[in-house]
Structures are given as structure tokens and as C-alpha cells.
file coords_3.cif (mmCIF, C-alpha atoms)
data_protein
#
loop_
_atom_site.group_PDB
_atom_site.id
_atom_site.type_symbol
_atom_site.label_atom_id
_atom_site.label_comp_id
_atom_site.auth_asym_id
_atom_site.auth_seq_id
_atom_site.Cartn_x
_atom_site.Cartn_y
_atom_site.Cartn_z
ATOM 1 C CA MET A 1 -135.800 48.893 -23.819
ATOM 2 C CA LYS A 2 -133.521 46.568 -25.783
ATOM 3 C CA VAL A 3 -129.767 47.205 -25.551
ATOM 4 C CA ARG A 4 -127.348 45.712 -28.081
ATOM 5 C CA ALA A 5 -123.643 45.307 -27.616
ATOM 6 C CA PRO A 6 -121.574 46.860 -30.391
ATOM 7 C CA LEU A 7 -120.037 44.449 -32.881
ATOM 8 C CA HIS A 8 -116.523 45.030 -31.528
ATOM 9 C CA TYR A 9 -117.726 43.967 -28.093
ATOM 10 C CA ALA A 10 -119.235 40.777 -29.514
ATOM 11 C CA LEU A 11 -115.979 40.074 -31.337
ATOM 12 C CA ALA A 12 -113.984 40.609 -28.145
ATOM 13 C CA LEU A 13 -116.172 37.990 -26.494
ATOM 14 C CA GLY A 14 -115.321 35.543 -29.247
ATOM 15 C CA LEU A 15 -118.714 35.711 -30.913
ATOM 16 C CA THR A 16 -117.277 35.765 -34.424
ATOM 17 C CA ALA A 17 -119.580 33.116 -35.875
ATOM 18 C CA PHE A 18 -122.582 35.356 -36.462
ATOM 19 C CA VAL A 19 -122.641 38.653 -38.301
ATOM 20 C CA GLY A 20 -125.663 40.871 -38.829
ATOM 21 C CA LEU A 21 -128.892 41.551 -37.018
ATOM 22 C CA SER A 22 -131.194 38.950 -35.569
ATOM 23 C CA GLN A 23 -134.103 37.573 -37.603
ATOM 24 C CA ALA A 24 -136.480 39.428 -35.274
ATOM 25 C CA ASP A 25 -134.901 42.694 -36.415
ATOM 26 C CA GLY A 26 -135.384 41.767 -40.092
ATOM 27 C CA GLY A 27 -131.667 41.263 -40.700
ATOM 28 C CA LYS A 28 -130.044 38.069 -41.789
ATOM 29 C CA VAL A 29 -127.748 35.891 -39.746
ATOM 30 C CA VAL A 30 -124.735 34.531 -41.565
ATOM 31 C CA ASN A 31 -122.865 31.628 -40.012
ATOM 32 C CA PHE A 32 -119.166 31.526 -40.868
ATOM 33 C CA ASN A 33 -118.303 28.592 -38.605
ATOM 34 C CA ILE A 34 -116.146 26.040 -40.406
ATOM 35 C CA THR A 35 -117.098 22.393 -40.151
ATOM 36 C CA GLU A 36 -114.833 19.352 -40.134
ATOM 37 C CA ALA A 37 -116.487 18.204 -43.378
ATOM 38 C CA GLU A 38 -115.577 21.511 -45.056
ATOM 39 C CA VAL A 39 -111.951 21.126 -43.994
ATOM 40 C CA ALA A 40 -111.837 17.555 -45.317
ATOM 41 C CA ALA A 41 -113.403 18.693 -48.601
ATOM 42 C CA ALA A 42 -110.852 21.510 -48.939
ATOM 43 C CA GLN A 43 -107.927 19.156 -48.314
ATOM 44 C CA ALA A 44 -109.266 16.592 -50.769
ATOM 45 C CA GLY A 45 -109.990 19.346 -53.291
ATOM 46 C CA TRP A 46 -106.434 20.663 -53.063
ATOM 47 C CA GLY A 47 -105.086 17.225 -53.960
ATOM 48 C CA GLU A 48 -107.544 16.787 -56.820
ATOM 49 C CA ALA A 49 -106.528 20.206 -58.153
ATOM 50 C CA LEU A 50 -102.826 19.326 -57.985
ATOM 51 C CA LEU A 51 -103.479 16.110 -59.909
ATOM 52 C CA GLN A 52 -105.549 18.059 -62.454
ATOM 53 C CA ILE A 53 -102.747 20.573 -63.058
ATOM 54 C CA SER A 54 -100.335 17.688 -63.589
ATOM 55 C CA SER A 55 -102.765 15.902 -65.922
ATOM 56 C CA ASP A 56 -103.444 19.090 -67.889
ATOM 57 C CA ASN A 57 -99.711 19.523 -68.399
ATOM 58 C CA ARG A 58 -99.490 15.964 -69.799
ATOM 59 C CA THR A 59 -102.476 16.305 -72.104
ATOM 60 C CA GLY A 60 -102.517 19.992 -73.026
ATOM 61 C CA GLY A 61 -99.104 21.387 -72.203
ATOM 62 C CA ILE A 62 -97.967 24.231 -70.003
ATOM 63 C CA GLU A 63 -100.630 26.693 -71.193
ATOM 64 C CA LYS A 64 -103.455 24.404 -70.084
ATOM 65 C CA ALA A 65 -101.673 23.597 -66.796
ATOM 66 C CA THR A 66 -101.116 27.300 -66.110
ATOM 67 C CA ALA A 67 -104.768 28.142 -66.765
ATOM 68 C CA THR A 68 -105.837 25.410 -64.340
ATOM 69 C CA ALA A 69 -103.311 26.541 -61.717
ATOM 70 C CA LYS A 70 -104.579 30.132 -61.946
ATOM 71 C CA ALA A 71 -108.162 28.919 -61.492
ATOM 72 C CA VAL A 72 -107.124 26.809 -58.488
ATOM 73 C CA LEU A 73 -105.300 29.710 -56.845
ATOM 74 C CA ASP A 74 -108.302 31.993 -57.431
ATOM 75 C CA ALA A 75 -110.787 29.467 -56.020
ATOM 76 C CA ALA A 76 -108.870 27.836 -53.170
ATOM 77 C CA TYR A 77 -106.388 30.370 -51.813
ATOM 78 C CA GLY A 78 -107.166 33.567 -49.917
ATOM 79 C CA TYR A 79 -105.163 36.015 -52.028
ATOM 80 C CA ASN A 80 -108.436 37.943 -52.350
ATOM 81 C CA LEU A 81 -108.239 38.500 -48.569
ATOM 82 C CA GLY A 82 -104.612 39.699 -48.503
ATOM 83 C CA PRO A 83 -101.233 37.972 -48.300
ATOM 84 C CA VAL A 84 -101.287 34.191 -47.947
ATOM 85 C CA LEU A 85 -98.713 32.654 -45.623
ATOM 86 C CA PHE A 86 -97.368 30.156 -48.172
ATOM 87 C CA ASN A 87 -94.057 28.380 -47.620
ATOM 88 C CA PRO A 88 -93.703 25.739 -50.358
ATOM 89 C CA THR A 89 -91.654 22.583 -49.929
ATOM 90 C CA LEU A 90 -88.838 23.222 -52.385
ATOM 91 C CA THR A 91 -87.989 26.899 -51.959
ATOM 92 C CA SER A 92 -85.166 28.695 -50.199
ATOM 93 C CA GLY A 93 -83.495 32.030 -49.630
ATOM 94 C CA GLU A 94 -85.220 35.275 -50.485
ATOM 95 C CA GLN A 95 -87.964 33.471 -52.407
ATOM 96 C CA ASN A 96 -88.827 30.999 -49.669
ATOM 97 C CA PHE A 97 -92.171 32.609 -48.816
ATOM 98 C CA ARG A 98 -94.881 33.125 -51.454
ATOM 99 C CA THR A 99 -97.299 35.662 -50.046
ATOM 100 C CA THR A 100 -98.528 36.730 -53.516
ATOM 101 C CA HIS A 101 -100.604 35.042 -56.195
ATOM 102 C CA GLU A 102 -97.733 35.503 -58.672
ATOM 103 C CA GLY A 103 -95.249 33.743 -56.378
ATOM 104 C CA ALA A 104 -97.607 30.826 -55.769
ATOM 105 C CA LEU A 105 -98.320 30.415 -59.481
ATOM 106 C CA ALA A 106 -94.576 30.387 -60.226
ATOM 107 C CA TYR A 107 -94.075 27.623 -57.672
ATOM 108 C CA PHE A 108 -96.841 25.452 -59.114
ATOM 109 C CA VAL A 109 -96.062 25.830 -62.834
ATOM 110 C CA GLY A 110 -92.723 27.668 -63.171
ATOM 111 C CA GLY A 111 -91.993 29.849 -66.188
ATOM 112 C CA ASN A 112 -91.648 33.136 -64.309
ATOM 113 C CA LYS A 113 -88.338 34.984 -64.742
ATOM 114 C CA ASP A 114 -88.827 36.608 -61.328
ATOM 115 C CA PHE A 115 -88.711 33.126 -59.759
ATOM 116 C CA PRO A 116 -85.902 31.455 -61.745
ATOM 117 C CA SER A 117 -85.520 28.471 -59.389
ATOM 118 C CA ASP A 118 -89.117 27.332 -59.906
ATOM 119 C CA SER A 119 -89.537 24.474 -62.352
ATOM 120 C CA GLY A 120 -93.194 23.821 -61.531
ATOM 121 C CA PHE A 121 -93.918 21.535 -58.607
ATOM 122 C CA ALA A 122 -97.385 20.666 -59.948
ATOM 123 C CA LEU A 123 -95.873 19.525 -63.263
ATOM 124 C CA ASN A 124 -94.108 16.518 -61.702
ATOM 125 C CA ASP A 125 -96.549 14.050 -63.292
ATOM 126 C CA TRP A 126 -98.343 13.303 -60.026
ATOM 127 C CA ARG A 127 -100.876 10.462 -60.243
ATOM 128 C CA LYS A 128 -102.162 9.972 -56.687
ATOM 129 C CA TYR A 129 -102.740 12.163 -53.635
ATOM 130 C CA GLU A 130 -103.484 11.215 -50.033
ATOM 131 C CA TYR A 131 -103.441 13.151 -46.796
ATOM 132 C CA LYS A 132 -103.432 12.126 -43.169
ATOM 133 C CA ASN A 133 -104.036 14.696 -40.464
ATOM 134 C CA ALA A 134 -102.254 14.476 -37.138
ATOM 135 C CA ALA A 135 -104.762 17.012 -35.809
ATOM 136 C CA VAL A 136 -107.382 19.524 -36.898
ATOM 137 C CA LEU A 137 -108.196 22.630 -34.870
ATOM 138 C CA ILE A 138 -111.368 24.542 -35.726
ATOM 139 C CA ASN A 139 -112.200 27.864 -34.087
ATOM 140 C CA GLY A 140 -115.162 29.638 -35.659
ATOM 141 C CA ASP A 141 -114.209 30.905 -39.113
ATOM 142 C CA MET A 142 -110.606 29.634 -38.873
ATOM 143 C CA ALA A 143 -109.288 26.079 -39.075
ATOM 144 C CA LEU A 144 -105.759 24.675 -38.859
ATOM 145 C CA THR A 145 -104.560 21.245 -39.913
ATOM 146 C CA MET A 146 -101.222 19.498 -39.520
ATOM 147 C CA GLY A 147 -100.196 16.148 -40.908
ATOM 148 C CA ASN A 148 -98.756 14.487 -43.971
ATOM 149 C CA VAL A 149 -99.456 14.605 -47.669
ATOM 150 C CA MET A 150 -98.376 11.662 -49.808
ATOM 151 C CA LEU A 151 -97.911 12.213 -53.545
ATOM 152 C CA THR A 152 -97.311 9.367 -55.973
ATOM 153 C CA ASP A 153 -95.660 9.993 -59.333
ATOM 154 C CA LYS A 154 -96.079 8.083 -62.627
ATOM 155 C CA ASP A 155 -93.410 5.556 -61.615
ATOM 156 C CA GLY A 156 -95.080 4.762 -58.292
ATOM 157 C CA ASN A 157 -92.568 6.712 -56.198
ATOM 158 C CA VAL A 158 -94.178 8.247 -53.129
ATOM 159 C CA THR A 159 -93.086 11.620 -51.760
ATOM 160 C CA THR A 160 -94.281 12.400 -48.233
ATOM 161 C CA VAL A 161 -94.298 15.981 -46.975
ATOM 162 C CA ASP A 162 -95.245 17.533 -43.665
ATOM 163 C CA LYS A 163 -98.153 19.881 -44.320
ATOM 164 C CA THR A 164 -99.817 22.614 -42.279
ATOM 165 C CA TRP A 165 -102.827 24.462 -43.653
ATOM 166 C CA GLY A 166 -104.809 27.376 -42.291
ATOM 167 C CA PHE A 167 -108.311 27.950 -43.653
ATOM 168 C CA LYS A 168 -110.581 30.980 -43.294
ATOM 169 C CA LYS A 169 -114.024 31.686 -44.670
ATOM 170 C CA ASP A 170 -114.296 34.764 -46.856
ATOM 171 C CA ASP A 171 -117.228 37.184 -46.781
ATOM 172 C CA LYS A 172 -119.208 34.910 -49.136
ATOM 173 C CA GLY A 173 -118.678 31.850 -46.920
ATOM 174 C CA ALA A 174 -116.092 30.193 -49.198
ATOM 175 C CA LEU A 175 -113.306 28.350 -47.417
ATOM 176 C CA ARG A 176 -109.903 29.792 -48.404
ATOM 177 C CA ILE A 177 -106.343 28.661 -47.727
ATOM 178 C CA VAL A 178 -104.607 31.505 -45.877
ATOM 179 C CA LEU A 179 -101.673 29.472 -44.542
ATOM 180 C CA HIS A 180 -99.860 26.695 -46.397
ATOM 181 C CA HIS A 181 -96.585 25.369 -45.041
ATOM 182 C CA SER A 182 -94.927 22.326 -46.523
ATOM 183 C CA SER A 183 -91.596 20.690 -45.756
ATOM 184 C CA LEU A 184 -89.805 17.411 -46.219
ATOM 185 C CA PRO A 185 -89.671 15.331 -43.018
ATOM 186 C CA PHE A 186 -86.393 15.465 -41.127
ATOM 187 C CA THR A 187 -84.123 12.487 -41.727
ATOM 188 C CA PRO A 188 -81.543 12.109 -38.939
ATOM 189 C CA ALA A 189 -77.967 11.257 -39.884
ATOM 190 C CA LYS A 190 -76.938 7.688 -39.142
#

call {"tool": "encode", "arguments": {"input": "coords_3.cif", "output": "C-alpha cells"}}
result
Amino acid sequence: MKVRAPLHYALALGLTAFVGLSQADGGKVVNFNITEAEVAAAQAGWGEALLQISSDNRTGGIEKATATAKAVLDAAYGYNLGPVLFNPTLTSGEQNFRTTHEGALAYFVGGNKDFPSDSGFALNDWRKYEYKNAAVLINGDMALTMGNVMLTDKDGNVTTVDKTWGFKKDDKGALRIVLHHSSLPFTPAK
């Protein structure tokens, strides 16, 4: 007689990587483990998307930039999974945290009366993006990164921010940003 542990028991043991029945039982096995290459691709993709939003604003105006930003949020962020823990670089007060799609879109492209302080971070005419991780932690279907992002504008000025991302795979296996914290590095007084 074959005995199977219930799914909740398997989850309690940390066996979150595989969902479904075994091949012998005719079910399919789905692997939701995140790889280091997937994390690197997601980080690089985020930067490419930011540059694309900025470029679209230059070449097609705010409507084109907004359409691109919406597509990026839909594809890269986990708002389809629930609230995203998003703390953008240049926010404060009651609107510091952007747990909704609407709040994130306002930060990237501005133009939302409910977020009057947002002028559109992605519209800053960015031309180059680099990232450097201090560390990456991968645990099954979740991954965390911490490090720096360097953004170069049209005049060659480089802005460096401290960046922490959390990634989770959705039920289709797509890697989604579920945590995004960004801040300017501390500069001690002299």
C-alpha cells in the first residue's frame, strides 16, 4: 500500500519546489525553483524596460511611455498575485509605499492626480543601466537580491541607488517582482 503525505505536510517540510502528482501517477510535475540565471535575466530586463520607457517618452511622448510602463508592470511585477511591497526611491509620507499597480504606474510616469508628487521617475531621460549585486539568496520559488543600481542620464550623470528585489514565480512559472525597495545611499555629514 502506497501512502502519500498531504500537500500541507510537504509544504511544512519545505518541499515547495514540486507541485502535482508524480509521473508514475499520470500527473505532471511542475518545478517552480528559481535559478540564478532567471534572477539575472529579471534584473537586466527591469533595466532594459526602464530605458525603454524613457526612450518611448523621448520619441513618442507620455502616451507611448505610459503604455510601455503599463506593459512592464503587467509582465514584471506581481500585482496579479496581490500587493507588491514597492518602496520607490523618491517618495515620502503617506504615499511612500506603492502596493498597487496604480501607485507604481504613477511613480514611473506621473500624471495621476491621486499621486501629485510623482513627476515620472522613468521619464528622466535615462540612457544606461547597470546593476551590481552584493548578494543573491534563492530559496525555491522565492529569490532576494540586494545591491546597487547605476542609472546614467543623457548628460552622463550617474545616479546610484541601493536596491533590494524579491522575486516569486507565479502559477505559470513566470518570475515576478513582489518586493522592490530603492533608496539613495546614506551620505554622512562632514

call {"tool": "resolve_selection", "arguments": {"input": "coords_3.cif", "expression": "the PyMOL selection byres ((chain A and resi 135-146) around 7)", "output": "PyMOL selection string"}}
result
chain A and resi 16-17+32-34+133-134+147+163-169

call {"tool": "residues_around", "arguments": {"input": "coords_3.cif", "residues": "Leu73 (chain A)", "least_positions_apart": "5", "cutoff": "10 Å", "atoms": "all atoms listed in the file", "output": "list in words"}}
result
Trp46, Ala49, Thr68, Gly78, Tyr79, Asn80, His101, Glu102, Ala104, Leu105, Phe108, Arg176 and Ile177 of chain A

call {"tool": "closest_residue", "arguments": {"input": "coords_3.cif", "among": "A:Ala67, A:Val178, A:Ala37, A:Val149", "to": "Leu85 (chain A)", "atoms": "only C-alpha atoms"}}
result
A:Val178

call {"tool": "resolve_selection", "arguments": {"input": "coords_3.cif", "expression": "the PyMOL selection byres ((chain A and resi 110) around 12)", "output": "PyMOL selection string"}}
result
chain A and resi 57+62-63+65-66+69+102-109+111-124

call {"tool": "atom_distance", "arguments": {"input": "coords_3.cif", "atom1": "CA of Lys190 (chain A)", "atom2": "CA of Tyr131 (chain A)"}}
result
28.1 Å

call {"tool": "atom_distance", "arguments": {"input": "coords_3.cif", "atom1": "CA of Ala71 (chain A)", "atom2": "CA of Met150 (chain A)"}}
result
23.0 Å

call {"tool": "atom_distance", "arguments": {"input": "coords_3.cif", "atom1": "CA of Pro88 (chain A)", "atom2": "CA of His180 (chain A)"}}
result
7.4 Å

call {"tool": "closest_residue", "arguments": {"input": "coords_3.cif", "among": "A:Val161, A:Ile53, A:Ala40, A:Leu179", "to": "Thr99 (chain A)", "atoms": "only C-alpha atoms"}}
result
A:Leu179

call {"tool": "resolve_selection", "arguments": {"input": "coords_3.cif", "expression": "the PyMOL selection byres ((chain A and resi 55) around 9)", "output": "mmCIF file with C-alpha atoms, in the coordinates of the input"}}
result
data_model
loop_
_atom_site.group_PDB
_atom_site.id
_atom_site.type_symbol
_atom_site.label_atom_id
_atom_site.label_comp_id
_atom_site.auth_asym_id
_atom_site.auth_seq_id
_atom_site.Cartn_x
_atom_site.Cartn_y
_atom_site.Cartn_z
ATOM 1 C CA LEU A 50 -102.826 19.326 -57.985
ATOM 2 C CA LEU A 51 -103.479 16.110 -59.909
ATOM 3 C CA GLN A 52 -105.549 18.059 -62.454
ATOM 4 C CA ILE A 53 -102.747 20.573 -63.058
ATOM 5 C CA SER A 54 -100.335 17.688 -63.589
ATOM 6 C CA ASP A 56 -103.444 19.090 -67.889
ATOM 7 C CA ASN A 57 -99.711 19.523 -68.399
ATOM 8 C CA ARG A 58 -99.490 15.964 -69.799
ATOM 9 C CA THR A 59 -102.476 16.305 -72.104
ATOM 10 C CA GLY A 60 -102.517 19.992 -73.026
ATOM 11 C CA ALA A 65 -101.673 23.597 -66.796
ATOM 12 C CA LEU A 123 -95.873 19.525 -63.263
ATOM 13 C CA ASP A 125 -96.549 14.050 -63.292
ATOM 14 C CA TRP A 126 -98.343 13.303 -60.026
ATOM 15 C CA ARG A 127 -100.876 10.462 -60.243
#

call {"tool": "decode", "arguments": {"input": "coords_3.cif", "residues": "region 47-165 of chain A", "atoms": "C-alpha atoms", "output": "PDB file, in the first residue's frame"}}
result
ATOM      1  CA  GLY A  47      16.758  47.962 -16.536  1.00  0.00           C
ATOM      2  CA  GLU A  48      16.015  47.463 -20.225  1.00  0.00           C
ATOM      3  CA  ALA A  49      12.345  48.212 -19.538  1.00  0.00           C
ATOM      4  CA  LEU A  50      13.207  51.407 -17.652  1.00  0.00           C
ATOM      5  CA  LEU A  51      15.378  52.563 -20.554  1.00  0.00           C
ATOM      6  CA  GLN A  52      12.576  51.689 -22.992  1.00  0.00           C
ATOM      7  CA  ILE A  53      10.023  53.760 -21.062  1.00  0.00           C
ATOM      8  CA  SER A  54      12.443  56.687 -21.092  1.00  0.00           C
ATOM      9  CA  SER A  55      13.146  56.247 -24.815  1.00  0.00           C
ATOM     10  CA  ASP A  56       9.438  55.959 -25.627  1.00  0.00           C
ATOM     11  CA  ASN A  57       8.825  59.227 -23.803  1.00  0.00           C
ATOM     12  CA  ARG A  58      11.518  60.922 -25.935  1.00  0.00           C
ATOM     13  CA  THR A  59      10.287  59.527 -29.235  1.00  0.00           C
ATOM     14  CA  GLY A  60       6.541  59.128 -28.731  1.00  0.00           C
ATOM     15  CA  GLY A  61       5.585  61.238 -25.746  1.00  0.00           C
ATOM     16  CA  ILE A  62       3.864  60.430 -22.490  1.00  0.00           C
ATOM     17  CA  GLU A  63       1.139  58.260 -24.051  1.00  0.00           C
ATOM     18  CA  LYS A  64       3.690  55.864 -25.535  1.00  0.00           C
ATOM     19  CA  ALA A  65       5.746  55.864 -22.309  1.00  0.00           C
ATOM     20  CA  THR A  66       2.632  55.146 -20.241  1.00  0.00           C
ATOM     21  CA  ALA A  67       1.608  52.248 -22.483  1.00  0.00           C
ATOM     22  CA  THR A  68       5.089  50.746 -22.138  1.00  0.00           C
ATOM     23  CA  ALA A  69       5.102  51.267 -18.360  1.00  0.00           C
ATOM     24  CA  LYS A  70       1.727  49.517 -18.039  1.00  0.00           C
ATOM     25  CA  ALA A  71       3.030  46.578 -20.083  1.00  0.00           C
ATOM     26  CA  VAL A  72       6.169  46.397 -17.921  1.00  0.00           C
ATOM     27  CA  LEU A  73       4.168  46.430 -14.689  1.00  0.00           C
ATOM     28  CA  ASP A  74       1.853  43.713 -16.038  1.00  0.00           C
ATOM     29  CA  ALA A  75       4.740  41.500 -17.181  1.00  0.00           C
ATOM     30  CA  ALA A  76       7.374  42.021 -14.489  1.00  0.00           C
ATOM     31  CA  TYR A  77       5.595  42.829 -11.234  1.00  0.00           C
ATOM     32  CA  GLY A  78       3.433  40.501  -9.153  1.00  0.00           C
ATOM     33  CA  TYR A  79       0.337  42.685  -8.836  1.00  0.00           C
ATOM     34  CA  ASN A  80      -1.547  39.689 -10.252  1.00  0.00           C
ATOM     35  CA  LEU A  81      -0.536  37.813  -7.072  1.00  0.00           C
ATOM     36  CA  GLY A  82      -1.618  40.529  -4.612  1.00  0.00           C
ATOM     37  CA  PRO A  83       0.034  43.628  -3.162  1.00  0.00           C
ATOM     38  CA  VAL A  84       3.638  44.258  -4.184  1.00  0.00           C
ATOM     39  CA  LEU A  85       5.972  45.570  -1.498  1.00  0.00           C
ATOM     40  CA  PHE A  86       7.229  48.543  -3.531  1.00  0.00           C
ATOM     41  CA  ASN A  87       9.067  51.420  -1.867  1.00  0.00           C
ATOM     42  CA  PRO A  88      10.380  53.696  -4.640  1.00  0.00           C
ATOM     43  CA  THR A  89      13.436  55.896  -4.231  1.00  0.00           C
ATOM     44  CA  LEU A  90      11.853  59.339  -4.331  1.00  0.00           C
ATOM     45  CA  THR A  91       8.657  59.002  -2.309  1.00  0.00           C
ATOM     46  CA  SER A  92       7.712  60.056   1.197  1.00  0.00           C
ATOM     47  CA  GLY A  93       4.883  60.408   3.669  1.00  0.00           C
ATOM     48  CA  GLU A  94       1.574  58.673   3.144  1.00  0.00           C
ATOM     49  CA  GLN A  95       2.460  57.768  -0.444  1.00  0.00           C
ATOM     50  CA  ASN A  96       5.828  56.221   0.341  1.00  0.00           C
ATOM     51  CA  PHE A  97       4.708  52.642  -0.324  1.00  0.00           C
ATOM     52  CA  ARG A  98       3.182  51.605  -3.665  1.00  0.00           C
ATOM     53  CA  THR A  99       1.434  48.308  -3.085  1.00  0.00           C
ATOM     54  CA  THR A 100      -0.937  48.800  -6.055  1.00  0.00           C
ATOM     55  CA  HIS A 101      -0.464  48.809  -9.812  1.00  0.00           C
ATOM     56  CA  GLU A 102      -1.892  52.348  -9.957  1.00  0.00           C
ATOM     57  CA  GLY A 103       0.635  53.652  -7.419  1.00  0.00           C
ATOM     58  CA  ALA A 104       3.557  52.038  -9.234  1.00  0.00           C
ATOM     59  CA  LEU A 105       2.441  53.416 -12.597  1.00  0.00           C
ATOM     60  CA  ALA A 106       2.155  56.916 -11.100  1.00  0.00           C
ATOM     61  CA  TYR A 107       5.712  56.664  -9.796  1.00  0.00           C
ATOM     62  CA  PHE A 108       7.127  55.580 -13.154  1.00  0.00           C
ATOM     63  CA  VAL A 109       5.281  58.027 -15.433  1.00  0.00           C
ATOM     64  CA  GLY A 110       3.452  60.562 -13.226  1.00  0.00           C
ATOM     65  CA  GLY A 111       0.240  62.206 -14.396  1.00  0.00           C
ATOM     66  CA  ASN A 112      -2.014  60.801 -11.674  1.00  0.00           C
ATOM     67  CA  LYS A 113      -3.890  63.359  -9.554  1.00  0.00           C
ATOM     68  CA  ASP A 114      -4.000  60.858  -6.679  1.00  0.00           C
ATOM     69  CA  PHE A 115      -0.181  60.945  -6.581  1.00  0.00           C
ATOM     70  CA  PRO A 116       0.540  64.665  -7.097  1.00  0.00           C
ATOM     71  CA  SER A 117       4.219  64.463  -6.083  1.00  0.00           C
ATOM     72  CA  ASP A 118       5.063  61.987  -8.850  1.00  0.00           C
ATOM     73  CA  SER A 119       6.696  63.520 -11.902  1.00  0.00           C
ATOM     74  CA  GLY A 120       7.636  60.207 -13.520  1.00  0.00           C
ATOM     75  CA  PHE A 121      10.908  58.640 -12.454  1.00  0.00           C
ATOM     76  CA  ALA A 122      11.174  56.629 -15.688  1.00  0.00           C
ATOM     77  CA  LEU A 123      10.879  59.823 -17.759  1.00  0.00           C
ATOM     78  CA  ASN A 124      14.254  61.179 -16.594  1.00  0.00           C
ATOM     79  CA  ASP A 125      15.880  60.508 -19.982  1.00  0.00           C
ATOM     80  CA  TRP A 126      17.885  57.531 -18.734  1.00  0.00           C
ATOM     81  CA  ARG A 127      20.406  56.172 -21.251  1.00  0.00           C
ATOM     82  CA  LYS A 128      22.290  53.412 -19.415  1.00  0.00           C
ATOM     83  CA  TYR A 129      21.515  50.892 -16.677  1.00  0.00           C
ATOM     84  CA  GLU A 130      23.836  48.663 -14.658  1.00  0.00           C
ATOM     85  CA  TYR A 131      23.367  46.624 -11.519  1.00  0.00           C
ATOM     86  CA  LYS A 132      25.766  45.027  -9.090  1.00  0.00           C
ATOM     87  CA  ASN A 133      24.504  42.576  -6.504  1.00  0.00           C
ATOM     88  CA  ALA A 134      26.039  42.425  -3.054  1.00  0.00           C
ATOM     89  CA  ALA A 135      24.260  39.093  -2.584  1.00  0.00           C
ATOM     90  CA  VAL A 136      21.530  36.897  -4.027  1.00  0.00           C
ATOM     91  CA  LEU A 137      19.506  34.493  -1.896  1.00  0.00           C
ATOM     92  CA  ILE A 138      17.421  31.855  -3.668  1.00  0.00           C
ATOM     93  CA  ASN A 139      15.043  29.583  -1.770  1.00  0.00           C
ATOM     94  CA  GLY A 140      12.794  27.514  -4.019  1.00  0.00           C
ATOM     95  CA  ASP A 141      10.241  29.770  -5.703  1.00  0.00           C
ATOM     96  CA  MET A 142      11.491  32.934  -3.947  1.00  0.00           C
ATOM     97  CA  ALA A 143      14.660  34.934  -4.557  1.00  0.00           C
ATOM     98  CA  LEU A 144      16.021  38.079  -2.905  1.00  0.00           C
ATOM     99  CA  THR A 145      18.733  40.384  -4.189  1.00  0.00           C
ATOM    100  CA  MET A 146      20.480  43.358  -2.623  1.00  0.00           C
ATOM    101  CA  GLY A 147      22.984  45.670  -4.231  1.00  0.00           C
ATOM    102  CA  ASN A 148      23.267  48.794  -6.323  1.00  0.00           C
ATOM    103  CA  VAL A 149      21.672  50.056  -9.492  1.00  0.00           C
ATOM    104  CA  MET A 150      23.501  52.701 -11.507  1.00  0.00           C
ATOM    105  CA  LEU A 151      21.491  54.855 -13.916  1.00  0.00           C
ATOM    106  CA  THR A 152      23.117  57.226 -16.384  1.00  0.00           C
ATOM    107  CA  ASP A 153      21.186  60.159 -17.824  1.00  0.00           C
ATOM    108  CA  LYS A 154      21.609  61.908 -21.205  1.00  0.00           C
ATOM    109  CA  ASP A 155      24.322  64.188 -19.798  1.00  0.00           C
ATOM    110  CA  GLY A 156      26.392  61.294 -18.453  1.00  0.00           C
ATOM    111  CA  ASN A 157      25.442  61.886 -14.813  1.00  0.00           C
ATOM    112  CA  VAL A 158      25.277  58.646 -12.853  1.00  0.00           C
ATOM    113  CA  THR A 159      22.738  58.102 -10.078  1.00  0.00           C
ATOM    114  CA  THR A 160      23.448  55.146  -7.791  1.00  0.00           C
ATOM    115  CA  VAL A 161      20.676  53.688  -5.646  1.00  0.00           C
ATOM    116  CA  ASP A 162      20.592  50.875  -3.128  1.00  0.00           C
ATOM    117  CA  LYS A 163      18.187  48.256  -4.455  1.00  0.00           C
ATOM    118  CA  THR A 164      16.512  45.222  -2.909  1.00  0.00           C
ATOM    119  CA  TRP A 165      14.277  42.995  -5.008  1.00  0.00           C
TER     120      TRP A 165
END
